>>> print(open('coords15.tsv').read())   # TSV, C-alpha atoms
chain	number	residue	atom	x	y	z
A	5	MET	CA	-19.91	-31.46	-20.32
A	6	GLU	CA	-17.26	-29.69	-18.25
A	7	ASP	CA	-15.43	-28.59	-21.40
A	8	GLN	CA	-18.64	-27.07	-22.72
A	9	ILE	CA	-19.39	-25.28	-19.44
A	10	TRP	CA	-15.85	-23.90	-19.35
A	11	ALA	CA	-16.21	-22.67	-22.93
A	12	ASP	CA	-19.46	-20.95	-21.96
A	13	MET	CA	-17.74	-19.34	-18.94
A	14	VAL	CA	-14.89	-18.02	-21.07
A	15	LYS	CA	-17.32	-16.43	-23.51
A	16	ARG	CA	-19.15	-14.68	-20.70
A	17	LEU	CA	-15.98	-13.51	-18.96
A	18	ASN	CA	-14.66	-12.16	-22.27
A	19	ALA	CA	-18.03	-10.46	-23.01
A	20	ASN	CA	-18.54	-12.32	-26.28
A	21	GLU	CA	-21.12	-14.97	-25.34
A	22	THR	CA	-23.71	-16.10	-27.86
A	23	VAL	CA	-27.40	-16.73	-27.35
A	24	GLU	CA	-26.70	-20.48	-27.17
A	25	SER	CA	-23.77	-20.20	-24.73
A	26	LYS	CA	-25.77	-17.83	-22.50
A	27	LYS	CA	-28.69	-20.24	-22.39
A	28	SER	CA	-26.39	-23.18	-21.67
A	29	LEU	CA	-24.49	-21.40	-18.85
A	30	ASP	CA	-27.63	-19.93	-17.28
A	31	SER	CA	-29.18	-23.39	-17.20
A	32	TRP	CA	-26.07	-24.85	-15.52
A	33	LEU	CA	-25.95	-22.04	-12.96
A	34	ALA	CA	-29.61	-22.58	-12.09
A	35	GLU	CA	-29.13	-26.29	-11.48
A	36	ASP	CA	-27.29	-25.93	-8.18
A	37	LEU	CA	-26.10	-23.15	-5.84
A	38	THR	CA	-22.66	-24.81	-5.87
A	39	ASN	CA	-22.41	-24.16	-9.61
A	40	ALA	CA	-23.14	-20.48	-9.08
A	41	GLN	CA	-20.48	-20.31	-6.35
A	42	LYS	CA	-17.93	-21.95	-8.65
A	43	PHE	CA	-18.62	-19.43	-11.37
A	44	GLU	CA	-18.26	-16.45	-9.01
A	45	GLU	CA	-14.93	-17.80	-7.72
A	46	VAL	CA	-13.62	-18.39	-11.25
A	47	LYS	CA	-14.80	-14.91	-12.25
A	48	ALA	CA	-12.94	-13.29	-9.32
A	49	LEU	CA	-9.77	-15.24	-10.10
A	50	TRP	CA	-10.06	-14.45	-13.80
A	51	LEU	CA	-10.25	-10.73	-13.08
A	52	LEU	CA	-7.37	-10.80	-10.60
A	53	SER	CA	-5.18	-12.70	-13.04
A	54	GLY	CA	-5.61	-9.93	-15.56
A	55	HIS	CA	-4.73	-7.12	-13.14
A	56	LEU	CA	-2.18	-8.33	-10.62
A	57	GLU	CA	-0.52	-11.13	-12.67
A	58	PRO	CA	0.96	-13.32	-9.91
A	59	GLU	CA	3.46	-16.00	-10.83
A	60	ILE	CA	1.18	-18.95	-10.19
A	61	ALA	CA	3.57	-21.75	-11.03
A	62	GLN	CA	5.80	-21.07	-8.05
A	63	THR	CA	2.97	-21.04	-5.48
A	64	VAL	CA	1.59	-24.51	-6.23
A	65	PRO	CA	2.87	-27.29	-3.92
A	66	GLN	CA	5.26	-29.77	-5.52
A	67	GLN	CA	2.95	-32.78	-5.27
A	68	LEU	CA	0.06	-30.95	-6.93
A	69	ARG	CA	2.43	-29.54	-9.52
A	70	GLU	CA	3.52	-33.05	-10.45
A	71	GLN	CA	-0.09	-34.19	-10.75
A	72	ILE	CA	-0.89	-31.44	-13.24
A	73	ALA	CA	2.58	-31.04	-14.72
A	74	PRO	CA	1.43	-30.31	-18.29
A	75	VAL	CA	-0.57	-27.36	-17.03
A	76	ILE	CA	1.72	-25.29	-14.86
A	77	PRO	CA	4.98	-24.27	-16.55
A	78	THR	CA	5.35	-20.83	-18.12
A	79	GLN	CA	1.71	-20.29	-18.96
A	80	SER	CA	-0.47	-17.25	-18.32
A	81	PRO	CA	-2.73	-17.26	-15.25
A	82	LYS	CA	-5.89	-17.43	-17.37
A	83	THR	CA	-4.55	-20.36	-19.37
A	84	ILE	CA	-3.71	-22.15	-16.13
A	85	ILE	CA	-7.18	-21.50	-14.74
A	86	LYS	CA	-8.71	-22.98	-17.89
A	87	LYS	CA	-6.55	-26.11	-17.83
A	88	LEU	CA	-7.05	-26.64	-14.12
A	89	TRP	CA	-10.77	-26.62	-14.81
A	90	ALA	CA	-10.25	-29.14	-17.60
A	91	TYR	CA	-8.49	-31.42	-15.14
A	92	GLY	CA	-11.62	-31.43	-13.01
A	93	ILE	CA	-10.31	-29.34	-10.11
A	94	ALA	CA	-13.13	-27.36	-8.48
A	95	ALA	CA	-13.05	-23.58	-8.73
A	96	SER	CA	-12.91	-23.26	-4.95
A	97	VAL	CA	-9.71	-25.33	-4.94
A	98	VAL	CA	-8.27	-23.18	-7.71
A	99	MET	CA	-8.96	-20.08	-5.66
A	100	ALA	CA	-7.37	-21.53	-2.55
A	101	THR	CA	-4.35	-22.86	-4.45
A	102	VAL	CA	-3.57	-20.02	-6.81
A	103	ILE	CA	-4.40	-16.59	-5.46
A	104	ILE	CA	-6.68	-15.83	-2.53
A	105	GLY	CA	-4.61	-17.50	0.12
A	106	LEU	CA	-6.60	-20.14	1.90
A	107	ASN	CA	-3.67	-22.12	3.21
A	108	PHE	CA	-2.80	-25.41	1.53
A	109	LEU	CA	-3.56	-28.57	3.44
A	110	PRO	CA	-0.46	-30.77	3.80
A	111	PHE	CA	-0.30	-33.56	1.23
A	112	SER	CA	2.18	-35.67	3.16
A	113	LYS	CA	4.64	-35.44	6.02
A	114	ALA	CA	7.35	-34.48	3.54
A	115	ASP	CA	5.29	-31.55	2.22
A	116	ARG	CA	4.30	-30.06	5.56
A	117	ARG	CA	5.44	-26.52	6.21
A	118	GLU	CA	7.52	-25.39	9.08
A	119	GLN	CA	5.50	-24.64	12.18
A	120	ILE	CA	4.26	-21.04	12.27
A	121	THR	CA	4.04	-19.00	15.46
A	122	TRP	CA	1.94	-15.85	15.34
A	123	LYS	CA	3.19	-12.70	17.03
A	124	THR	CA	0.94	-9.89	18.26
A	125	ILE	CA	2.15	-6.34	18.85
A	126	SER	CA	0.03	-3.48	20.18
A	127	ALA	CA	0.69	0.26	20.21
A	128	ASP	CA	-0.48	1.91	23.41
A	129	ALA	CA	-2.32	5.21	23.47
A	130	GLY	CA	0.01	8.07	22.56
A	131	LYS	CA	2.53	5.72	20.91
A	132	VAL	CA	3.52	4.84	17.33
A	133	ILE	CA	5.48	1.61	16.84
A	134	ALA	CA	7.71	0.70	13.88
A	135	ILE	CA	7.75	-3.00	13.01
A	136	ASN	CA	10.01	-4.87	10.59
A	137	LEU	CA	8.25	-7.98	9.28
A	138	PRO	CA	10.08	-11.26	8.47
A	139	ASP	CA	9.93	-10.55	4.71
A	140	GLY	CA	11.61	-7.14	5.10
A	141	SER	CA	8.38	-5.12	4.85
A	142	ASN	CA	7.97	-2.20	7.25
A	143	VAL	CA	4.89	-1.28	9.27
A	144	TRP	CA	4.13	1.80	11.35
A	145	LEU	CA	1.41	0.99	13.87
A	146	ASN	CA	-0.73	3.87	15.08
A	147	ALA	CA	-1.83	4.39	18.68
A	148	GLY	CA	-4.48	2.00	19.97
A	149	SER	CA	-3.77	-0.52	17.18
A	150	THR	CA	-2.81	-4.19	17.12
A	151	LEU	CA	-0.93	-6.15	14.46
A	152	SER	CA	-0.68	-9.96	14.28
A	153	TYR	CA	1.77	-11.66	11.91
A	154	PRO	CA	3.59	-15.01	11.55
A	155	ASP	CA	7.20	-15.37	12.64
A	156	HIS	CA	8.13	-16.37	9.07
A	157	PHE	CA	6.64	-16.64	5.58
A	158	LYS	CA	8.71	-19.60	4.43
A	159	ASN	CA	6.92	-21.86	1.93
A	160	GLN	CA	3.75	-19.79	2.30
A	161	PRO	CA	1.82	-18.79	-0.85
A	162	LEU	CA	0.70	-15.58	0.87
A	163	ARG	CA	2.13	-13.16	3.39
A	164	ASN	CA	-0.94	-12.95	5.63
A	165	ILE	CA	-1.22	-10.48	8.52
A	166	LYS	CA	-4.10	-9.15	10.63
A	167	LEU	CA	-4.73	-5.56	11.70
A	168	SER	CA	-7.08	-3.96	14.20
A	169	GLY	CA	-6.69	-0.19	14.15
A	170	GLU	CA	-4.50	1.84	11.80
A	171	ALA	CA	-1.14	1.16	10.17
A	172	TYR	CA	0.95	2.35	7.26
A	173	PHE	CA	2.72	-0.35	5.23
A	174	GLU	CA	5.78	-0.31	3.00
A	175	VAL	CA	5.63	-3.78	1.48
A	176	LYS	CA	8.70	-5.45	0.02
A	177	HIS	CA	7.96	-6.35	-3.59
A	178	ASP	CA	7.39	-10.06	-4.20
A	179	LYS	CA	5.02	-10.80	-7.07
A	180	GLU	CA	5.09	-14.53	-6.31
A	181	HIS	CA	3.82	-14.06	-2.74
A	182	PRO	CA	1.04	-11.49	-2.34
A	183	PHE	CA	0.88	-9.51	0.89
A	184	VAL	CA	-2.61	-9.71	2.44
A	185	VAL	CA	-3.91	-7.49	5.24
A	186	GLU	CA	-7.10	-8.66	6.94
A	187	SER	CA	-8.80	-5.80	8.78
A	188	ASP	CA	-12.34	-5.97	10.09
A	189	SER	CA	-14.46	-7.21	7.15
A	190	ILE	CA	-11.95	-6.11	4.48
A	191	LYS	CA	-9.08	-7.92	2.79
A	192	THR	CA	-6.36	-5.88	1.04
A	193	THR	CA	-4.00	-7.69	-1.35
A	194	VAL	CA	-0.73	-6.23	-2.67
A	195	TYR	CA	2.58	-7.36	-4.15
A	196	GLY	CA	4.73	-4.39	-3.18
A	197	THR	CA	3.55	-0.88	-2.45
A	198	GLY	CA	2.94	1.81	0.16
A	199	PHE	CA	-0.55	2.05	1.63
A	200	ASN	CA	-2.50	2.87	4.77
A	201	VAL	CA	-5.31	0.89	6.41
A	202	ARG	CA	-7.57	2.32	9.11
A	203	ALA	CA	-9.92	-0.22	10.70
A	204	TYR	CA	-10.67	0.57	14.32
A	205	PRO	CA	-13.41	-1.77	15.65
A	206	ASN	CA	-15.44	1.07	17.19
A	207	GLU	CA	-15.47	3.23	14.05
A	208	SER	CA	-18.21	3.05	11.43
A	209	ASP	CA	-15.86	2.97	8.42
A	210	VAL	CA	-12.79	1.13	7.17
A	211	ALA	CA	-10.41	3.22	5.03
A	212	ILE	CA	-7.65	2.17	2.61
A	213	ALA	CA	-5.41	4.72	0.91
A	214	VAL	CA	-2.53	4.08	-1.50
A	215	SER	CA	0.65	6.16	-1.75
A	216	SER	CA	2.39	4.03	-4.40
A	217	GLY	CA	1.83	0.88	-6.43
A	218	LYS	CA	-1.48	-0.97	-6.72
A	219	VAL	CA	-3.68	-2.87	-4.28
A	220	GLY	CA	-6.81	-4.97	-4.63
A	221	VAL	CA	-9.54	-4.62	-1.99
A	222	ASN	CA	-12.35	-7.06	-1.31
A	223	THR	CA	-14.74	-8.04	1.44
A	224	LYS	CA	-14.16	-11.17	3.52
A	225	ASN	CA	-16.39	-14.12	4.32
A	226	ALA	CA	-18.90	-13.40	1.55
A	227	LEU	CA	-20.77	-16.34	0.01
A	228	ARG	CA	-20.08	-14.86	-3.39
A	229	PRO	CA	-17.14	-12.43	-3.13
A	230	PRO	CA	-17.63	-9.39	-5.38
A	231	ASP	CA	-15.04	-8.36	-7.92
A	232	PRO	CA	-12.01	-6.76	-6.24
A	233	ILE	CA	-11.64	-2.98	-6.32
A	234	PHE	CA	-8.21	-1.90	-7.54
A	235	LEU	CA	-6.56	1.22	-6.17
A	236	LEU	CA	-3.59	3.21	-7.47
A	237	ALA	CA	-1.53	6.01	-5.94
A	238	SER	CA	-3.68	8.77	-4.36
A	239	ASP	CA	-6.77	6.53	-4.36
A	240	ARG	CA	-8.76	6.27	-1.15
A	241	LEU	CA	-11.51	3.75	-0.53
A	242	ILE	CA	-14.01	3.88	2.33
A	243	TYR	CA	-16.01	0.81	3.35
A	244	HIS	CA	-19.14	1.74	5.28
A	245	LYS	CA	-19.91	-1.01	7.76
A	246	THR	CA	-23.56	-0.09	8.23
A	247	ASN	CA	-24.69	-0.48	4.61
A	248	LYS	CA	-21.70	-2.53	3.36
A	249	ALA	CA	-21.05	0.00	0.58
A	250	PHE	CA	-17.83	1.51	-0.80
A	251	THR	CA	-17.00	5.16	-1.48
A	252	ARG	CA	-13.99	6.00	-3.64
A	253	SER	CA	-12.14	9.31	-3.78
A	254	LYS	CA	-8.74	10.96	-4.27
A	255	THR	CA	-6.47	12.09	-1.47
A	256	ALA	CA	-3.17	13.93	-1.13
A	257	ILE	CA	-0.18	11.57	-0.96
A	258	ASN	CA	1.27	13.42	2.05
A	259	ASP	CA	-1.97	12.96	4.00
A	260	ILE	CA	-2.03	9.18	3.65
A	261	ASN	CA	0.47	8.61	6.44
A	262	GLY	CA	0.39	12.13	7.83
A	263	TRP	CA	-0.52	10.78	11.26
A	264	GLN	CA	3.12	9.66	11.57
A	265	LYS	CA	4.09	13.35	11.50
A	266	GLY	CA	1.39	14.55	13.88
A	267	LEU	CA	-1.39	15.27	11.37
A	268	ILE	CA	-4.96	14.68	12.55
A	269	VAL	CA	-7.71	14.80	9.93
A	270	PHE	CA	-11.44	14.46	10.59
A	271	GLU	CA	-13.79	14.08	7.63
A	272	GLN	CA	-17.43	14.11	8.66
A	273	SER	CA	-16.47	12.19	11.78
A	274	PRO	CA	-19.09	11.57	14.50
A	275	ILE	CA	-18.18	13.58	17.57
A	276	LYS	CA	-17.68	10.52	19.78
A	277	GLU	CA	-15.22	9.08	17.24
A	278	VAL	CA	-13.39	12.42	17.36
A	279	PHE	CA	-12.80	12.06	21.10
A	280	GLU	CA	-11.85	8.40	20.73
A	281	GLU	CA	-9.16	9.47	18.25
A	282	LEU	CA	-7.92	12.22	20.57
A	283	SER	CA	-7.85	9.74	23.44
A	284	ARG	CA	-5.62	7.37	21.45
A	285	ARG	CA	-3.40	10.14	20.13
A	286	PHE	CA	-2.76	11.98	23.39
A	287	ASN	CA	-3.21	9.12	25.86
A	288	VAL	CA	-5.95	10.86	27.82
A	289	LYS	CA	-9.36	9.68	28.98
A	290	PHE	CA	-12.55	11.41	27.86
A	291	SER	CA	-16.04	11.01	29.24
A	292	THR	CA	-18.58	11.64	26.46
A	293	ASN	CA	-21.79	10.55	28.21
A	294	ARG	CA	-23.09	14.12	28.29
A	295	LEU	CA	-22.61	14.88	24.61
A	296	PHE	CA	-25.81	15.46	22.66
A	297	LYS	CA	-26.63	12.34	20.65
A	298	GLY	CA	-27.58	14.39	17.61
A	299	SER	CA	-24.37	16.41	17.55
A	300	CYS	CA	-23.01	17.45	14.17
A	301	LYS	CA	-20.13	15.62	12.52
A	302	LEU	CA	-16.73	17.27	12.41
A	303	THR	CA	-14.54	18.11	9.43
A	304	ALA	CA	-11.23	19.58	10.56
A	305	ARG	CA	-7.48	19.39	10.09
A	306	PHE	CA	-4.87	19.78	12.83
A	307	GLU	CA	-1.15	19.78	12.03
A	308	ASN	CA	1.04	19.14	15.07
A	309	LYS	CA	-1.36	20.93	17.41
A	310	PRO	CA	-1.34	20.26	21.17
A	311	LEU	CA	-4.49	18.93	22.80
A	312	PRO	CA	-5.47	22.24	24.50
A	313	THR	CA	-5.46	23.99	21.11
A	314	ILE	CA	-7.61	21.27	19.56
A	315	LEU	CA	-10.07	21.37	22.44
A	316	LYS	CA	-10.33	25.14	22.16
A	317	THR	CA	-11.23	24.76	18.49
A	318	LEU	CA	-13.87	22.14	19.33
A	319	HIS	CA	-15.33	24.42	22.02
A	320	THR	CA	-15.90	27.10	19.39
A	321	ALA	CA	-16.83	25.00	16.38
A	322	MET	CA	-18.99	22.38	18.08
A	323	ASN	CA	-20.39	24.32	21.07
A	324	ILE	CA	-18.74	21.90	23.50
A	325	THR	CA	-17.47	22.51	27.03
A	326	SER	CA	-14.86	20.42	28.83
A	327	ASN	CA	-13.61	20.06	32.38
A	328	GLN	CA	-10.76	17.88	33.63
A	329	ILE	CA	-11.20	16.04	36.95
A	330	ASN	CA	-8.69	13.51	38.28
A	331	GLY	CA	-7.18	12.61	34.92
A	332	THR	CA	-10.48	12.43	33.01
A	333	ILE	CA	-11.73	15.16	30.68
A	334	TYR	CA	-15.51	15.45	30.82
A	335	VAL	CA	-17.06	16.90	27.67
A	336	GLU	CA	-20.66	17.89	27.19
A	337	GLY	CA	-22.97	19.82	24.87
A	338	GLY	CA	-22.50	19.83	21.14
A	339	THR	CA	-24.22	21.57	18.24
A	340	ILE	CA	-27.42	19.75	17.22
A	341	CYS	CA	-27.63	19.08	13.48
A	342	LYS	CA	-30.88	19.14	11.56
A	343	GLU	CA	-31.75	15.86	9.84
>>> encode(input="coords15.tsv", output="structure tokens")
Amino acid sequence: MEDQIWADMVKRLNANETVESKKSLDSWLAEDLTNAQKFEEVKALWLLSGHLEPEIAQTVPQQLREQIAPVIPTQSPKTIIKKLWAYGIAASVVMATVIIGLNFLPFSKADRREQITWKTISADAGKVIAINLPDGSNVWLNAGSTLSYPDHFKNQPLRNIKLSGEAYFEVKHDKEHPFVVESDSIKTTVYGTGFNVRAYPNESDVAIAVSSGKVGVNTKNALRPPDPIFLLASDRLIYHKTNKAFTRSKTAINDINGWQKGLIVFEQSPIKEVFEELSRRFNVKFSTNRLFKGSCKLTARFENKPLPTILKTLHTAMNITSNQINGTIYVEGGTICKE
């Protein structure tokens, strides 16, 4: 029965299913929610194996490799997925073992990994911090951001890190050990590339932009993860938290990490998010309680401009006034936009 279901899956994934295979697979999927989950996981892995081509054989623990020895050596990812299924291993286990990075459970004392200690580094307002990760990858952490990462990646199938805020990454190439950035509700997977992630908790969007190489982007914690979205150089992807939708566009390579050189870009940014960004960048405190709630969104570009110049522009463009008292800049007003 499992062989038949696998054959039906392959036909659907290759877009060549027959009337009989469609009927058979649909019936199996309708039997149990678990079956539907297995299919979605296999589908996601199948697609990833065709795009990112990780070296699966090297990421499988020795004990499991010995148990399925005829399957692993020198075969393509899709062939391995098929044979793992034939051996009766659930799709969720395949996902955890081969690509997505749910850490392996220890099989025995001999197989246990070295103890991992997580480090957390934060960049204060007005600061940019350069970080060299244990694998040789480099990270530039923007103001008001926090990065958490393990003290080593030894014997780990994935190089997992966590980001709150914004950072630019130059990832050391290692096709056997994908580099995964978890930020808000988004997971970004790469093997070696340059890319930027912006995921401040108080902002309505998460943004990923690629300067070189290729990355795969997906949502986290979904019952049925959607197919990953693949980005190449100059691609920019916006995840809108409110409606859980993606918007894809092109961007200039130099703008992707322009914030490292003093560039500030606002693209239809809510006015309160504008002042939150300025607060992080210049290490000043703003009071925005008197801004009109219906104020227009701002699109503007500032290259190495001091705060007084930026505020002067906002005064004119957004009909805003500001007054500094005891270290806090109080802003009020704002142009009301028509719905």
>>> atom_distance(input="coords15.tsv", atom1="atom CA of A:Gly169", atom2="atom CA of A:Leu137")
17.5 Å
>>> atom_distance(input="coords15.tsv", atom1="atom CA of A:Asp239", atom2="atom CA of A:Ser253")
6.1 Å
>>> residues_around(input="coords15.tsv", residues="A:Gly130", least_positions_apart="3", cutoff="7 Å", atoms="only C-alpha atoms", output="list of chain:residue names")
A:Ala147, A:Arg284, A:Arg285, A:Phe286, A:Asn287
>>> atom_distance(input="coords15.tsv", atom1="atom CA of A:Leu236", atom2="atom CA of A:Ser215")
7.7 Å
>>> closest_residue(input="coords15.tsv", among="A:Val269, A:Thr255, A:Pro274, A:Asp209", to="A:Ile242", atoms="only C-alpha atoms")
A:Asp209
>>> closest_residue(input="coords15.tsv", among="A:Ile260, A:Leu318, A:Val132, A:Val201", to="A:Cys300", atoms="only C-alpha atoms")
A:Leu318
>>> residues_around(input="coords15.tsv", residues="A:Ser126", least_positions_apart="6", cutoff="12 Å", atoms="all atoms listed in the file", output="list in words")
Val132, Ile133, Ala134, Ile135, Trp144, Leu145, Asn146, Ala147, Gly148, Ser149, Thr150, Leu151, Ser152, Tyr153, Lys166, Leu167, Ser168, Gly169, Glu170 and Ala171 of chain A
>>> write_last_selection(input="coords15.tsv", atoms="C-alpha atoms", output="PDB file, keeping the file's coordinate frame")
ATOM      1  CA  VAL A 132       3.520   4.840  17.330  1.00  0.00           C
ATOM      2  CA  ILE A 133       5.480   1.610  16.840  1.00  0.00           C
ATOM      3  CA  ALA A 134       7.710   0.700  13.880  1.00  0.00           C
ATOM      4  CA  ILE A 135       7.750  -3.000  13.010  1.00  0.00           C
ATOM      5  CA  TRP A 144       4.130   1.800  11.350  1.00  0.00           C
ATOM      6  CA  LEU A 145       1.410   0.990  13.870  1.00  0.00           C
ATOM      7  CA  ASN A 146      -0.730   3.870  15.080  1.00  0.00           C
ATOM      8  CA  ALA A 147      -1.830   4.390  18.680  1.00  0.00           C
ATOM      9  CA  GLY A 148      -4.480   2.000  19.970  1.00  0.00           C
ATOM     10  CA  SER A 149      -3.770  -0.520  17.180  1.00  0.00           C
ATOM     11  CA  THR A 150      -2.810  -4.190  17.120  1.00  0.00           C
ATOM     12  CA  LEU A 151      -0.930  -6.150  14.460  1.00  0.00           C
ATOM     13  CA  SER A 152      -0.680  -9.960  14.280  1.00  0.00           C
ATOM     14  CA  TYR A 153       1.770 -11.660  11.910  1.00  0.00           C
ATOM     15  CA  LYS A 166      -4.100  -9.150  10.630  1.00  0.00           C
ATOM     16  CA  LEU A 167      -4.730  -5.560  11.700  1.00  0.00           C
ATOM     17  CA  SER A 168      -7.080  -3.960  14.200  1.00  0.00           C
ATOM     18  CA  GLY A 169      -6.690  -0.190  14.150  1.00  0.00           C
ATOM     19  CA  GLU A 170      -4.500   1.840  11.800  1.00  0.00           C
ATOM     20  CA  ALA A 171      -1.140   1.160  10.170  1.00  0.00           C
TER      21      ALA A 171
END
>>> residues_around(input="coords15.tsv", residues="A:Lys245", least_positions_apart="6", cutoff="12 Å", atoms="only C-alpha atoms", output="PDB file with C-alpha atoms, in the frame of the given file")
ATOM      1  CA  ASP A 188     -12.340  -5.970  10.090  1.00  0.00           C
ATOM      2  CA  SER A 189     -14.460  -7.210   7.150  1.00  0.00           C
ATOM      3  CA  ILE A 190     -11.950  -6.110   4.480  1.00  0.00           C
ATOM      4  CA  ALA A 203      -9.920  -0.220  10.700  1.00  0.00           C
ATOM      5  CA  TYR A 204     -10.670   0.570  14.320  1.00  0.00           C
ATOM      6  CA  PRO A 205     -13.410  -1.770  15.650  1.00  0.00           C
ATOM      7  CA  ASN A 206     -15.440   1.070  17.190  1.00  0.00           C
ATOM      8  CA  GLU A 207     -15.470   3.230  14.050  1.00  0.00           C
ATOM      9  CA  SER A 208     -18.210   3.050  11.430  1.00  0.00           C
ATOM     10  CA  ASP A 209     -15.860   2.970   8.420  1.00  0.00           C
ATOM     11  CA  VAL A 210     -12.790   1.130   7.170  1.00  0.00           C
ATOM     12  CA  ALA A 211     -10.410   3.220   5.030  1.00  0.00           C
ATOM     13  CA  THR A 223     -14.740  -8.040   1.440  1.00  0.00           C
ATOM     14  CA  THR A 251     -17.000   5.160  -1.480  1.00  0.00           C
TER      15      THR A 251
END
